[in-house]
Each structure stands twice: as C-alpha cells, then as structure tokens.
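Undergrad: One file is attached below, start-v4.txt, containing compact mmCIF, C-alpha atoms.
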```txt
# COMPACT_ATOMS: atom_id res chain seq x y z
CA MET A 1 11.26 -8.92 7.73
CA ARG A 2 11.79 -5.24 8.53
CA TYR A 3 12.63 -3.74 5.17
CA ARG A 4 10.86 -0.48 5.99
CA ASP A 5 12.51 0.46 9.25
CA LEU A 6 14.82 3.24 8.14
CA ASN A 7 17.20 2.64 11.03
CA GLY A 8 17.32 -1.11 10.54
CA PRO A 9 20.23 -2.82 8.78
CA GLU A 10 17.85 -4.49 6.31
CA PHE A 11 16.56 -1.20 4.97
CA ARG A 12 20.02 0.35 4.76
CA ALA A 13 21.33 -2.66 2.82
CA LEU A 14 18.36 -2.55 0.48
CA TYR A 15 18.74 1.20 0.03
CA ASN A 16 22.44 0.93 -0.79
CA GLU A 17 21.77 -1.81 -3.32
CA VAL A 18 18.73 -0.30 -5.01
CA PHE A 19 19.48 3.42 -4.98
CA PRO A 20 22.22 3.33 -7.66
CA ILE A 21 19.88 1.40 -9.97
CA VAL A 22 16.83 3.60 -9.52
CA TYR A 23 18.89 6.77 -9.68
CA ARG A 24 20.58 5.57 -12.88
CA ILE A 25 17.20 4.93 -14.46
CA ALA A 26 15.73 8.24 -13.29
CA PHE A 27 18.77 10.24 -14.36
CA ARG A 28 19.12 8.67 -17.80
CA VAL A 29 15.42 9.12 -18.50
CA THR A 30 15.18 12.71 -17.25
CA GLU A 31 18.82 13.92 -17.57
CA ASP A 32 18.27 16.10 -14.53
CA VAL A 33 19.88 15.61 -11.10
CA LEU A 34 17.18 17.48 -9.15
CA VAL A 35 14.33 15.76 -10.92
CA SER A 36 16.03 12.40 -10.39
CA GLU A 37 16.35 13.18 -6.68
CA GLU A 38 12.64 14.00 -6.50
CA LEU A 39 11.66 10.83 -8.33
CA CYS A 40 13.87 8.59 -6.17
CA HIS A 41 12.59 10.28 -3.02
CA GLU A 42 9.01 9.82 -4.16
CA ALA A 43 9.61 6.13 -4.88
CA PHE A 44 11.14 5.49 -1.44
CA VAL A 45 8.40 7.45 0.34
CA ARG A 46 5.81 5.30 -1.41
CA TYR A 47 7.80 2.24 -0.40
CA VAL A 48 7.94 3.20 3.27
CA GLU A 49 4.27 4.22 3.40
CA ARG A 50 3.12 1.18 1.47
CA ASP A 51 0.64 -1.20 3.11
CA GLY A 52 1.67 -4.82 3.26
CA SER A 53 5.10 -6.35 3.41
CA PHE A 54 7.43 -8.02 0.94
CA PRO A 55 8.35 -11.69 1.24
CA ASP A 56 12.04 -10.93 0.69
CA ALA A 57 14.48 -8.15 -0.15
CA ASN A 58 14.42 -9.00 -3.87
CA GLN A 59 10.69 -8.37 -4.13
CA ALA A 60 11.17 -5.02 -2.41
CA LYS A 61 13.98 -4.21 -4.85
CA TYR A 62 11.91 -5.09 -7.92
CA TRP A 63 8.98 -3.08 -6.59
CA LEU A 64 11.16 -0.01 -6.11
CA ILE A 65 12.70 -0.33 -9.57
CA ARG A 66 9.28 -0.68 -11.18
CA VAL A 67 7.85 2.33 -9.36
CA THR A 68 10.85 4.53 -10.16
CA LYS A 69 10.82 3.49 -13.82
CA ASN A 70 7.11 4.36 -14.05
CA LEU A 71 7.60 7.68 -12.27
CA ALA A 72 10.47 8.63 -14.58
CA LEU A 73 8.68 7.64 -17.79
CA ASN A 74 5.50 9.44 -16.69
CA TYR A 75 7.50 12.54 -15.86
CA GLN A 76 9.21 12.42 -19.24
CA LYS A 77 5.91 11.92 -21.05
CA ARG A 78 4.44 14.94 -19.26
CA ARG A 79 7.51 17.03 -20.02
CA GLY A 80 7.33 15.95 -23.67
CA ARG A 81 3.73 17.17 -23.89
CA GLU A 82 4.67 20.51 -22.33
CA ARG A 83 7.63 20.88 -24.68
CA ARG A 84 5.51 20.18 -27.72
CA ALA A 85 2.89 22.68 -26.56
CA TYR A 86 5.65 25.26 -26.08
CA GLN A 87 7.03 24.57 -29.54
CA ARG A 88 3.59 24.94 -31.08
CA ALA A 89 3.02 28.20 -29.24
CA TYR A 90 6.30 29.75 -30.38
CA PHE A 91 6.46 28.10 -33.81
CA GLU A 92 9.72 26.37 -33.07
CA PRO A 93 10.71 23.41 -35.23
CA SER A 94 10.30 20.09 -33.42
CA HIS A 95 13.41 18.55 -35.03
CA PRO A 96 16.87 19.99 -35.46
CA SER A 97 17.55 21.23 -38.95
CA GLU A 98 20.94 19.59 -39.27
CA SER A 99 21.34 16.31 -41.06
CA GLY A 100 21.77 13.06 -39.07
CA GLU A 101 25.52 12.89 -39.70
CA THR A 102 26.03 16.46 -38.48
CA ALA A 103 24.00 15.68 -35.37
CA VAL A 104 26.24 12.71 -34.62
CA LEU A 105 29.31 14.86 -35.05
CA LYS A 106 27.90 17.51 -32.72
CA GLY A 107 27.13 14.92 -30.09
CA GLU A 108 23.39 15.42 -30.39
CA ALA A 109 22.73 11.90 -31.53
CA SER A 110 22.31 10.69 -27.95
CA ALA A 111 19.45 13.11 -27.44
CA LEU A 112 17.82 11.91 -30.64
CA VAL A 113 18.23 8.29 -29.61
CA ARG A 114 16.65 9.00 -26.22
CA ALA A 115 13.83 10.87 -27.94
CA ALA A 116 13.30 7.83 -30.14
CA VAL A 117 13.14 5.61 -27.04
CA GLU A 118 10.23 7.72 -25.79
CA LYS A 119 8.35 6.99 -29.00
CA LEU A 120 8.51 3.23 -28.48
CA PRO A 121 5.37 1.37 -27.37
CA ASP A 122 5.23 1.05 -23.56
CA LYS A 123 5.99 -2.69 -23.53
CA LEU A 124 9.16 -2.27 -25.56
CA LYS A 125 10.14 0.98 -23.86
CA SER A 126 9.99 -0.56 -20.38
CA VAL A 127 12.37 -3.42 -21.17
CA LEU A 128 14.79 -1.20 -23.06
CA VAL A 129 14.85 1.38 -20.27
CA LEU A 130 15.54 -1.30 -17.68
CA LYS A 131 18.19 -2.91 -19.90
CA GLU A 132 20.06 0.11 -21.22
CA TYR A 133 19.40 2.73 -18.52
CA GLY A 134 19.13 0.42 -15.52
CA GLU A 135 21.74 -2.09 -16.76
CA LEU A 136 19.66 -4.94 -15.36
CA SER A 137 19.94 -8.58 -16.34
CA TYR A 138 17.12 -10.30 -18.24
CA ARG A 139 16.20 -12.12 -15.04
CA ASP A 140 15.89 -8.91 -13.03
CA ILE A 141 13.88 -7.28 -15.82
CA ALA A 142 11.56 -10.29 -15.90
CA GLU A 143 11.05 -10.12 -12.13
CA THR A 144 10.50 -6.38 -12.19
CA LEU A 145 7.90 -6.49 -14.95
CA GLY A 146 6.36 -9.82 -13.99
CA ILE A 147 7.06 -11.49 -17.33
CA THR A 148 9.23 -14.44 -18.41
CA GLU A 149 12.89 -14.17 -19.32
CA ALA A 150 12.09 -15.46 -22.82
CA ASN A 151 9.64 -12.62 -23.18
CA VAL A 152 12.27 -10.14 -22.06
CA LYS A 153 14.68 -11.54 -24.67
CA VAL A 154 12.14 -11.05 -27.44
CA ARG A 155 11.09 -7.58 -26.31
CA VAL A 156 14.65 -6.31 -26.00
CA PHE A 157 15.41 -7.45 -29.53
CA ARG A 158 12.19 -5.95 -30.92
CA ALA A 159 12.81 -2.70 -29.09
CA ARG A 160 16.25 -2.44 -30.70
CA GLU A 161 14.81 -3.17 -34.13
CA ARG A 162 12.03 -0.60 -33.70
CA LEU A 163 14.48 1.95 -32.36
CA THR A 164 16.68 1.47 -35.41
CA THR A 165 13.70 2.10 -37.70
CA LEU A 166 12.75 5.25 -35.80
CA LEU A 167 16.30 6.58 -35.91
CA LYS A 168 16.61 5.96 -39.64
CA GLU A 169 13.39 7.94 -40.09
CA SER A 170 14.95 10.76 -38.04
CA ASP A 171 18.08 10.76 -40.26
CA VAL A 172 20.26 9.54 -37.41
CA TYR A 173 23.14 7.38 -38.55
CA VAL A 174 22.86 3.76 -37.54
CA PRO A 175 25.01 0.99 -39.05
CA MET B 1 16.76 -15.24 -39.65
CA SER B 2 15.02 -13.03 -37.11
CA HIS B 3 15.62 -15.71 -34.50
CA GLU B 4 19.35 -15.60 -35.28
CA TYR B 5 19.44 -11.82 -34.75
CA GLN B 6 17.45 -12.24 -31.58
CA ARG B 7 20.15 -14.60 -30.35
CA LEU B 8 22.72 -12.01 -31.40
CA SER B 9 20.88 -9.45 -29.27
CA SER B 10 21.04 -11.81 -26.28
CA TYR B 11 24.72 -12.50 -27.03
CA PHE B 12 25.36 -8.76 -27.01
CA ASP B 13 23.73 -8.61 -23.57
CA ASN B 14 25.85 -11.57 -22.39
CA GLU B 15 22.72 -13.57 -21.65
CA LEU B 16 23.51 -16.80 -23.53
CA ASP B 17 24.94 -20.01 -22.13
CA ASP B 18 28.49 -20.88 -23.15
CA VAL B 19 27.55 -23.32 -25.92
CA THR B 20 25.09 -20.97 -27.65
CA ALA B 21 27.40 -18.03 -27.15
CA GLY B 22 30.16 -20.01 -28.92
CA ILE B 23 27.91 -20.65 -31.90
CA VAL B 24 26.90 -16.99 -32.17
CA LYS B 25 30.51 -15.88 -31.81
CA ARG B 26 31.67 -18.07 -34.72
CA ARG B 27 28.84 -16.80 -36.87
CA LEU B 28 29.69 -13.22 -35.99
CA GLU B 29 33.22 -13.70 -37.27
CA ASN B 30 32.02 -14.60 -40.78
CA ASP B 31 28.64 -12.88 -41.21
CA LYS B 32 28.77 -9.24 -42.37
CA GLU B 33 25.08 -8.59 -41.58
CA ALA B 34 25.54 -9.95 -38.08
CA GLN B 35 28.59 -7.73 -37.60
CA LYS B 36 26.59 -4.69 -38.75
CA ARG B 37 23.79 -5.45 -36.33
CA TYR B 38 26.23 -6.01 -33.50
CA ARG B 39 27.78 -2.60 -34.20
CA ARG B 40 24.29 -1.13 -34.22
CA PHE B 41 23.51 -2.56 -30.78
CA ALA B 42 26.79 -1.20 -29.48
CA LEU B 43 26.14 2.25 -30.92
CA LEU B 44 22.66 2.40 -29.38
CA ARG B 45 24.11 1.42 -26.03
CA GLU B 46 26.77 4.06 -26.33
CA HIS B 47 24.11 6.72 -26.88
CA LEU B 48 21.84 5.51 -24.12
CA SER B 49 24.34 4.66 -21.39
CA THR B 50 25.34 8.23 -20.68
CA PRO B 51 27.46 8.98 -17.60
CA VAL B 52 25.41 9.33 -14.43
CA ALA B 53 26.09 12.51 -12.46
CA GLY B 54 25.45 13.30 -8.81
CA GLU B 55 24.60 9.82 -7.57
CA GLU B 56 26.68 9.81 -4.36
CA GLU B 57 25.44 13.19 -3.08
CA THR B 58 21.86 12.44 -4.03
CA ARG B 59 21.95 9.08 -2.27
CA GLU B 60 22.65 10.67 1.13
CA LYS B 61 20.38 13.61 0.43
CA VAL B 62 17.41 11.40 -0.35
CA PHE B 63 18.08 9.27 2.72
CA ARG B 64 18.11 12.33 4.98
CA ARG B 65 14.90 13.62 3.40
CA LEU B 66 13.37 10.23 3.93
CA GLU B 67 14.28 10.27 7.62
CA ARG B 68 12.66 13.68 8.00
CA HIS B 69 9.60 12.65 6.06
CA VAL B 70 8.96 9.39 7.86
CA PRO B 71 8.72 9.56 11.68
CA GLN B 72 10.74 6.63 13.02
CA HIS B 73 9.16 6.63 16.47
CA PRO B 74 5.45 7.00 15.90
CA THR B 75 3.20 8.15 18.71
CA VAL B 76 0.56 5.87 20.15
CA TRP B 77 -2.02 7.29 17.78
CA GLN B 78 0.23 6.90 14.74
CA ARG B 79 1.16 3.33 15.60
CA ARG B 80 -0.45 0.68 13.45
CA ILE B 81 -1.89 -2.30 15.31
CA THR B 82 -3.36 -5.47 13.93
CA VAL B 83 -6.33 -7.11 15.67
CA PRO B 84 -7.68 -10.49 14.50
CA LEU B 85 -11.28 -10.31 13.35
CA PRO B 86 -12.65 -12.88 15.90
CA ALA B 87 -11.05 -10.95 18.78
CA LEU B 88 -12.51 -7.72 17.44
CA ALA B 89 -15.98 -9.31 17.20
CA ALA B 90 -15.75 -10.70 20.76
CA ALA B 91 -14.69 -7.30 22.07
CA ALA B 92 -17.62 -5.68 20.29
CA VAL B 93 -20.10 -8.17 21.84
CA VAL B 94 -18.69 -7.58 25.34
CA LEU B 95 -18.82 -3.83 24.81
CA VAL B 96 -22.44 -3.88 23.66
CA THR B 97 -23.51 -6.16 26.55
CA VAL B 98 -21.82 -4.02 29.17
CA GLY B 99 -23.29 -0.93 27.54
CA VAL B 100 -26.83 -2.30 27.68
CA PHE B 101 -26.52 -3.21 31.37
CA ALA B 102 -24.98 0.12 32.20
CA PHE B 103 -27.78 1.89 30.37
CA ARG B 104 -30.43 -0.10 32.20
CA SER B 105 -28.92 0.50 35.62
CA LEU B 106 -28.13 4.17 35.12
CA ILE B 107 -30.92 5.47 32.93
CA LEU B 108 -34.01 3.40 33.76
CA PRO B 109 -35.63 4.58 37.06
CA VAL B 110 -36.05 2.34 40.12
CA ALA B 111 -39.54 2.45 41.59
CA SER B 112 -39.85 3.90 45.08
CA PRO B 113 -42.90 3.58 47.38
CA ASP B 114 -43.93 7.12 46.43
CA ASP B 115 -43.87 6.14 42.77
CA VAL B 116 -46.01 3.11 43.56
CA ALA B 117 -48.54 5.39 45.23
CA ASP B 118 -48.99 7.27 41.98
CA ILE B 119 -49.86 4.18 39.98
CA PRO B 120 -53.59 4.10 39.22
CA THR B 121 -55.12 0.86 40.46
CA PRO B 122 -58.39 0.08 38.70
CA PRO B 123 -60.66 -2.59 40.24
CA ASP B 124 -60.43 -6.27 39.25
CA VAL B 125 -56.71 -6.17 38.66
CA ASP B 126 -54.45 -8.82 40.14
CA LEU B 127 -51.31 -7.09 41.18
CA THR B 128 -48.25 -8.72 42.65
CA ILE B 129 -45.82 -6.44 44.44
CA THR B 130 -42.60 -7.72 45.90
CA VAL B 131 -41.65 -5.69 48.95
CA ASP B 132 -38.44 -5.70 50.90
CA GLN B 133 -39.07 -7.00 54.44
CA LEU B 134 -37.88 -3.72 55.91
CA ASP B 135 -40.57 -1.80 54.01
CA ILE B 136 -43.45 -4.13 54.96
CA GLN B 137 -44.88 -1.69 57.51
CA GLU B 138 -44.85 1.13 55.03
CA MET B 139 -46.59 -1.13 52.49
CA LEU B 140 -49.31 -2.10 54.94
CA ASP B 141 -49.93 1.54 55.85
CA TRP B 142 -50.27 2.38 52.21
CA LEU B 143 -52.78 -0.42 51.63
CA ASN B 144 -54.82 0.87 54.59
CA ARG B 145 -54.91 4.33 53.15
CA ARG B 146 -56.12 3.11 49.77
CA ASP B 147 -58.87 0.76 51.04
CA MET B 148 -59.36 -0.58 47.53
CA LEU B 149 -58.16 -4.13 47.67
CA ASP B 150 -60.33 -7.21 48.11
CA GLN B 151 -57.55 -9.38 49.43
CA VAL B 152 -53.83 -9.36 50.11
CA THR B 153 -51.61 -12.44 50.17
CA ILE B 154 -48.37 -12.05 51.99
CA GLU B 155 -45.70 -14.59 51.19
CA LEU B 156 -43.02 -14.45 53.78
CA PRO B 157 -39.53 -15.17 52.57
CA ASP B 158 -38.06 -18.58 53.39
CA SER B 159 -35.52 -17.26 55.83
CA PRO B 160 -33.98 -18.74 58.96
CA THR B 161 -35.09 -15.64 60.88
CA PHE B 162 -38.76 -16.63 60.43
CA ARG B 163 -40.71 -19.52 61.68
CA LEU B 164 -43.94 -20.50 59.93
CA ARG B 165 -46.91 -21.13 62.12
CA GLY B 166 -50.01 -22.61 60.49
CA GLU B 167 -51.42 -21.65 57.13
CA PRO B 168 -50.89 -18.14 55.76
CA ALA B 169 -53.91 -16.05 56.65
CA LEU B 170 -56.03 -14.22 54.10
CA ILE B 171 -57.00 -10.85 55.50
CA ARG B 172 -58.67 -7.71 54.31
CA ALA B 173 -56.71 -4.57 54.26
CA SER B 174 -59.24 -2.91 56.51
CA GLU B 175 -58.78 -5.64 59.12
CA ILE B 176 -55.12 -4.97 59.67
CA GLY B 177 -54.70 -4.26 63.33
CA ARG B 178 -57.48 -6.68 64.33
CA ILE B 179 -55.69 -9.92 63.64
CA PRO B 180 -56.07 -12.24 66.64
CA LYS B 181 -52.90 -12.88 68.43
CA GLY B 182 -51.29 -16.32 68.17
CA PRO B 183 -50.60 -18.69 71.08
CA ASP B 184 -47.21 -17.05 71.68
CA GLY B 185 -48.80 -13.60 71.73
CA ASN B 186 -47.50 -12.52 68.29
CA GLY B 187 -49.60 -11.70 65.26
```
Kindly present the structure from the file in structure tokens form.
TA:
Amino acid sequence: MRYRDLNGPEFRALYNEVFPIVYRIAFRVTEDVLVSEELCHEAFVRYVERDGSFPDANQAKYWLIRVTKNLALNYQKRRGRERRAYQRAYFEPSHPSESGETAVLKGEASALVRAAVEKLPDKLKSVLVLKEYGELSYRDIAETLGITEANVKVRVFRARERLTTLLKESDVYVP
Amino acid sequence: MSHEYQRLSSYFDNELDDVTAGIVKRRLENDKEAQKRYRRFALLREHLSTPVAGEEETREKVFRRLERHVPQHPTVWQRRITVPLPALAAAAVVLVTVGVFAFRSLILPVASPDDVADIPTPPDVDLTITVDQLDIQEMLDWLNRRDMLDQVTIELPDSPTFRLRGEPALIRASEIGRIPKGPDGNG
C-alpha cells in the first residue's frame, strides 16, 4: 500500500482525513497557528521518511495522531519550563491574582483549565487530550495509544476527576 | 459509586450501548449528584474545546511544504532498493571469486624463458619443466649452455601430429646433436 507517495490518491485521502485531527490537537494544546503548522509538518515529514510500511490506512492514521500529540505535549512542556524560568527571573506571579469566579467572568477560565490539563500525569493527560482536543472516539484513542477501550474509559473518567481537583485547588469554579 | 460516575462519563462521551445509556439517562433525571457531575463534564469540555483557527490555510501550506521537503522522483542514488540476503551473499561470493582470479591473472607474473634462466639450480634437484612445443629448441639450447643436468626426460604430447617410434630415449644434455638418426632419417 502506497500511503507515503505524496502524489498518490492513498496519501491524499489519508492526509485529508488525518490533518484536521492532528491540527486540532496541536492547535488546542499550543494555541498557536504557526507552531501548530510546524508540529503538523514535522509529524508528516517523520511519516514520509519513516522506515517500514503500515498494514493499512488506519494504522498510519493512529501513528500520525500519536506522533503529533507527543510533539505538541513536548512543545508545551518545554514552553512551560521556559515560562516558569522567565517568571522566576522577573519575579512575576505564576497565578493570576483574581479569584476563580472573576477569572471565569473574564474568560480566563479556559486558560486555567488547559494549564491544569498540563499538570495531569502523562497517562491521564494523553487520553484527555485525544478525547477533548482531538475529539476521538474511545476506540480510536485505544488504537492510538495501544491500550484497551475499557482502559480508555477508566482513564478518561479519572482524568476528569483529577482535573476537577486541580481546578478547585486553583480557585476555578467547577460545579 | 465510582463505577456509576464512570458510566456517566462514558454516557457523556456517547460511548454506551443503548440499554446502558437508557439506565444512565433515567438515573440522571433523578440524581442531583449525577446532574452536577454531568454539568462539570460539560463545563470542562466547553473550556477545552476552543474554536480551531487557521486549519484550511494550514492544511494546504503544510502539504506544499511537504512536497518541497520530500523529493517525489528520487535519483538513482536516492532510490531505496531491497535485496534478499541469500542473493546478496551469492553476489558477494561471485564477486570475491572473480576478484581472486583477476588478481592472479593480472598481478602474479608469468615465467618467461629468461626468468627460468635466472633460477639457481643446485645439484641433486629433480626439476620438471613443462615447455610449449614451439619453445622446445630454445629449451634445449638453454640446457646445453648450462651443462649441469645428469639426465633429461622429454615427454612428447599425445598429439595426432606426432608418431611415437620406440621407447623414449634418455640422453645427456651434452649429447644433443649426436643422437643417431632413425630408420626414416629423423632424430
């Protein structure tokens, strides 16, 4: 199967199916169009230059999603470290001074929720990112991460529970 | 209880079969805690599922960059070929064999009569020299010049151009030229 021939119909079909997913993940993790472009480009370059072939288009799709998700989370982790170093250097507070309710009213709650996602353990973060950012089904998440659907179900629930705890600690309003 | 909320989480994601979804739905209508958690899941999703900007433009942009980055018509040297291991091994054996023969024929010298003349010949050494029939006269002259050999055995090739007459004669090198002629007048 020629999933890596850029001019072939197989690759174009795969690209059109997968790009919206990987871009969605990259953009929602990084919130930056240019960075998302770089991450998606990097993922597809790795795909084209990769040794070995995929048994079917689905395996290629899951591979691309996994690589993009890892690239985006690694980028965000690196950026978080740089931001913290910057804050330390200039004595800036690491949390906004407003209360949680005010933050919600000002529309900053989303940023706080995303920041809380970054604090999740990797196992929980991966499933939540693929579920909420990538909008993937449990089956697709299971295939992408190489785990069972039952495991995905448990991890998604635990990630939501942990996220709620983290947000309550950050004074963000959650029902 | 945790299992019930886990099912609620799956219900929120629309991942339950119809029967289980029906059960969770009925519970949700009457259970305040379940309703609160459901609202929580919805709020988290609302915060996380932000609108995605720039997807259409980026899709084409990345594809064009990809086309530039990856050559679609690789040159001969860039082309990847796959050779089975047995074929590769056979090719290597053939290559080595041909190489050895080529080395032997090109590098190792072929002895000429002049080279033979330079070989020291100590006494009491049995030496067998195979000489082309065209060079026989030259060989005999050389043996005459040396005058060192006790005996010379000449084995004529089994060729239709020769006819054997009697037993091969044992002669001294110094006696060449004094061999009695045969009945037909030849030596």
Undergrad: At a cut-off of 10 Å, list the chain B residues touching chain A, using all atoms listed in the file, as a PDB file with C-alpha atoms, keeping the file's coordinate frame.
TA:
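Below is the file selection.pdb, written as the result:
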```pdb
ATOM      1  CA  SER B   2      15.020 -13.030 -37.110  1.00  0.00           C
ATOM      2  CA  HIS B   3      15.620 -15.710 -34.500  1.00  0.00           C
ATOM      3  CA  TYR B   5      19.440 -11.820 -34.750  1.00  0.00           C
ATOM      4  CA  GLN B   6      17.450 -12.240 -31.580  1.00  0.00           C
ATOM      5  CA  ARG B   7      20.150 -14.600 -30.350  1.00  0.00           C
ATOM      6  CA  LEU B   8      22.720 -12.010 -31.400  1.00  0.00           C
ATOM      7  CA  SER B   9      20.880  -9.450 -29.270  1.00  0.00           C
ATOM      8  CA  SER B  10      21.040 -11.810 -26.280  1.00  0.00           C
ATOM      9  CA  ASP B  13      23.730  -8.610 -23.570  1.00  0.00           C
ATOM     10  CA  ASN B  14      25.850 -11.570 -22.390  1.00  0.00           C
ATOM     11  CA  GLU B  15      22.720 -13.570 -21.650  1.00  0.00           C
ATOM     12  CA  GLU B  33      25.080  -8.590 -41.580  1.00  0.00           C
ATOM     13  CA  GLN B  35      28.590  -7.730 -37.600  1.00  0.00           C
ATOM     14  CA  LYS B  36      26.590  -4.690 -38.750  1.00  0.00           C
ATOM     15  CA  ARG B  37      23.790  -5.450 -36.330  1.00  0.00           C
ATOM     16  CA  TYR B  38      26.230  -6.010 -33.500  1.00  0.00           C
ATOM     17  CA  ARG B  39      27.780  -2.600 -34.200  1.00  0.00           C
ATOM     18  CA  ARG B  40      24.290  -1.130 -34.220  1.00  0.00           C
ATOM     19  CA  PHE B  41      23.510  -2.560 -30.780  1.00  0.00           C
ATOM     20  CA  ALA B  42      26.790  -1.200 -29.480  1.00  0.00           C
ATOM     21  CA  LEU B  43      26.140   2.250 -30.920  1.00  0.00           C
ATOM     22  CA  LEU B  44      22.660   2.400 -29.380  1.00  0.00           C
ATOM     23  CA  ARG B  45      24.110   1.420 -26.030  1.00  0.00           C
ATOM     24  CA  GLU B  46      26.770   4.060 -26.330  1.00  0.00           C
ATOM     25  CA  HIS B  47      24.110   6.720 -26.880  1.00  0.00           C
ATOM     26  CA  LEU B  48      21.840   5.510 -24.120  1.00  0.00           C
ATOM     27  CA  SER B  49      24.340   4.660 -21.390  1.00  0.00           C
ATOM     28  CA  THR B  50      25.340   8.230 -20.680  1.00  0.00           C
ATOM     29  CA  PRO B  51      27.460   8.980 -17.600  1.00  0.00           C
ATOM     30  CA  VAL B  52      25.410   9.330 -14.430  1.00  0.00           C
ATOM     31  CA  ALA B  53      26.090  12.510 -12.460  1.00  0.00           C
ATOM     32  CA  GLY B  54      25.450  13.300  -8.810  1.00  0.00           C
ATOM     33  CA  GLU B  55      24.600   9.820  -7.570  1.00  0.00           C
ATOM     34  CA  GLU B  56      26.680   9.810  -4.360  1.00  0.00           C
ATOM     35  CA  GLU B  57      25.440  13.190  -3.080  1.00  0.00           C
ATOM     36  CA  THR B  58      21.860  12.440  -4.030  1.00  0.00           C
ATOM     37  CA  ARG B  59      21.950   9.080  -2.270  1.00  0.00           C
ATOM     38  CA  GLU B  60      22.650  10.670   1.130  1.00  0.00           C
ATOM     39  CA  LYS B  61      20.380  13.610   0.430  1.00  0.00           C
ATOM     40  CA  VAL B  62      17.410  11.400  -0.350  1.00  0.00           C
ATOM     41  CA  PHE B  63      18.080   9.270   2.720  1.00  0.00           C
ATOM     42  CA  ARG B  64      18.110  12.330   4.980  1.00  0.00           C
ATOM     43  CA  ARG B  65      14.900  13.620   3.400  1.00  0.00           C
ATOM     44  CA  LEU B  66      13.370  10.230   3.930  1.00  0.00           C
ATOM     45  CA  GLU B  67      14.280  10.270   7.620  1.00  0.00           C
ATOM     46  CA  HIS B  69       9.600  12.650   6.060  1.00  0.00           C
ATOM     47  CA  VAL B  70       8.960   9.390   7.860  1.00  0.00           C
ATOM     48  CA  PRO B  71       8.720   9.560  11.680  1.00  0.00           C
ATOM     49  CA  GLN B  72      10.740   6.630  13.020  1.00  0.00           C
TER      50      GLN B  72
END
```
Undergrad: From the set B:Ile136, B:Val96, B:Lys32, B:Glu4, which residue has the shortest atom-to-atom contact distance to Thr20 of chain B, counting all atoms listed in the file?
TA: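 Smallest distance to Thr20 of chain B is found for B:Glu4.
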Undergrad: Could you give me, as a list in words, the residues within 10 Å of Ala116 of chain A, counting all atoms listed in the file and dropping anything in the same chain fewer than 6 positions from it?
TA: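 Selected residues are Ser110, Lys125, Arg162, Leu163, Thr164, Thr165, Leu166, Leu167, Glu169 and Ser170 of chain A.
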Undergrad: State, in Å with one decimal place, the distance from atom CA of Arg79 of chain A to atom CA of Lys123 of chain A.
TA: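 Computed distance, atom CA of Arg79 of chain A to atom CA of Lys123 of chain A, equals 20.1 Å.
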Undergrad: So the first atom is atom CA of Asp140 of chain A and the second is atom CA of Ala13 of chain A; what is the distance between them in Å, to one decimal place?
TA: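 We find that atom CA of Asp140 of chain A and atom CA of Ala13 of chain A lie 17.9 Å from each other.
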Undergrad: So what do you get for atom CA of Ala159 of chain A versus atom CA of Leu16 of chain B, distance-wise?
TA: 18.6 Å
Undergrad: Would you mind putting back all heavy atoms on segment 1-6 of chain B, then writing it out as a compact mmCIF listing (two decimals), keeping the file's coordinate frame?
TA:
```
# COMPACT_ATOMS: atom_id res chain seq x y z
N MET B 1 15.69 -16.25 -39.68
CA MET B 1 16.76 -15.24 -39.65
C MET B 1 16.59 -14.30 -38.45
O MET B 1 17.53 -13.96 -37.76
CB MET B 1 16.71 -14.43 -40.96
CG MET B 1 18.05 -13.85 -41.36
SD MET B 1 19.33 -15.13 -41.52
CE MET B 1 20.59 -14.24 -42.35
N SER B 2 15.31 -13.92 -38.23
CA SER B 2 15.02 -13.03 -37.11
C SER B 2 15.44 -13.67 -35.78
O SER B 2 15.92 -12.99 -34.89
CB SER B 2 13.52 -12.72 -37.11
OG SER B 2 13.17 -12.08 -35.94
N HIS B 3 15.24 -14.99 -35.71
CA HIS B 3 15.62 -15.71 -34.50
C HIS B 3 17.13 -15.64 -34.27
O HIS B 3 17.60 -15.50 -33.13
CB HIS B 3 15.18 -17.18 -34.64
CG HIS B 3 15.54 -18.01 -33.45
ND1 HIS B 3 14.97 -17.82 -32.22
CD2 HIS B 3 16.45 -19.00 -33.30
CE1 HIS B 3 15.49 -18.69 -31.36
NE2 HIS B 3 16.40 -19.42 -32.00
N GLU B 4 17.90 -15.69 -35.39
CA GLU B 4 19.35 -15.60 -35.28
C GLU B 4 19.77 -14.23 -34.74
O GLU B 4 20.65 -14.12 -33.87
CB GLU B 4 20.00 -15.80 -36.67
CG GLU B 4 19.87 -17.21 -37.21
CD GLU B 4 20.52 -18.22 -36.26
OE1 GLU B 4 21.62 -17.95 -35.75
OE2 GLU B 4 19.92 -19.29 -36.03
N TYR B 5 19.09 -13.17 -35.22
CA TYR B 5 19.44 -11.82 -34.75
C TYR B 5 18.97 -11.60 -33.31
O TYR B 5 19.58 -10.83 -32.57
CB TYR B 5 18.85 -10.76 -35.68
CG TYR B 5 19.44 -10.84 -37.08
CD1 TYR B 5 18.64 -10.73 -38.21
CD2 TYR B 5 20.81 -11.03 -37.26
CE1 TYR B 5 19.19 -10.81 -39.48
CE2 TYR B 5 21.37 -11.12 -38.52
CZ TYR B 5 20.56 -11.02 -39.63
OH TYR B 5 21.11 -11.11 -40.87
N GLN B 6 17.91 -12.31 -32.97
CA GLN B 6 17.45 -12.24 -31.58
C GLN B 6 18.49 -12.87 -30.65
O GLN B 6 18.78 -12.35 -29.57
CB GLN B 6 16.12 -13.00 -31.46
CG GLN B 6 15.44 -12.81 -30.12
CD GLN B 6 14.12 -13.56 -30.08
OE1 GLN B 6 13.28 -13.38 -30.94
NE2 GLN B 6 13.98 -14.43 -29.11
```
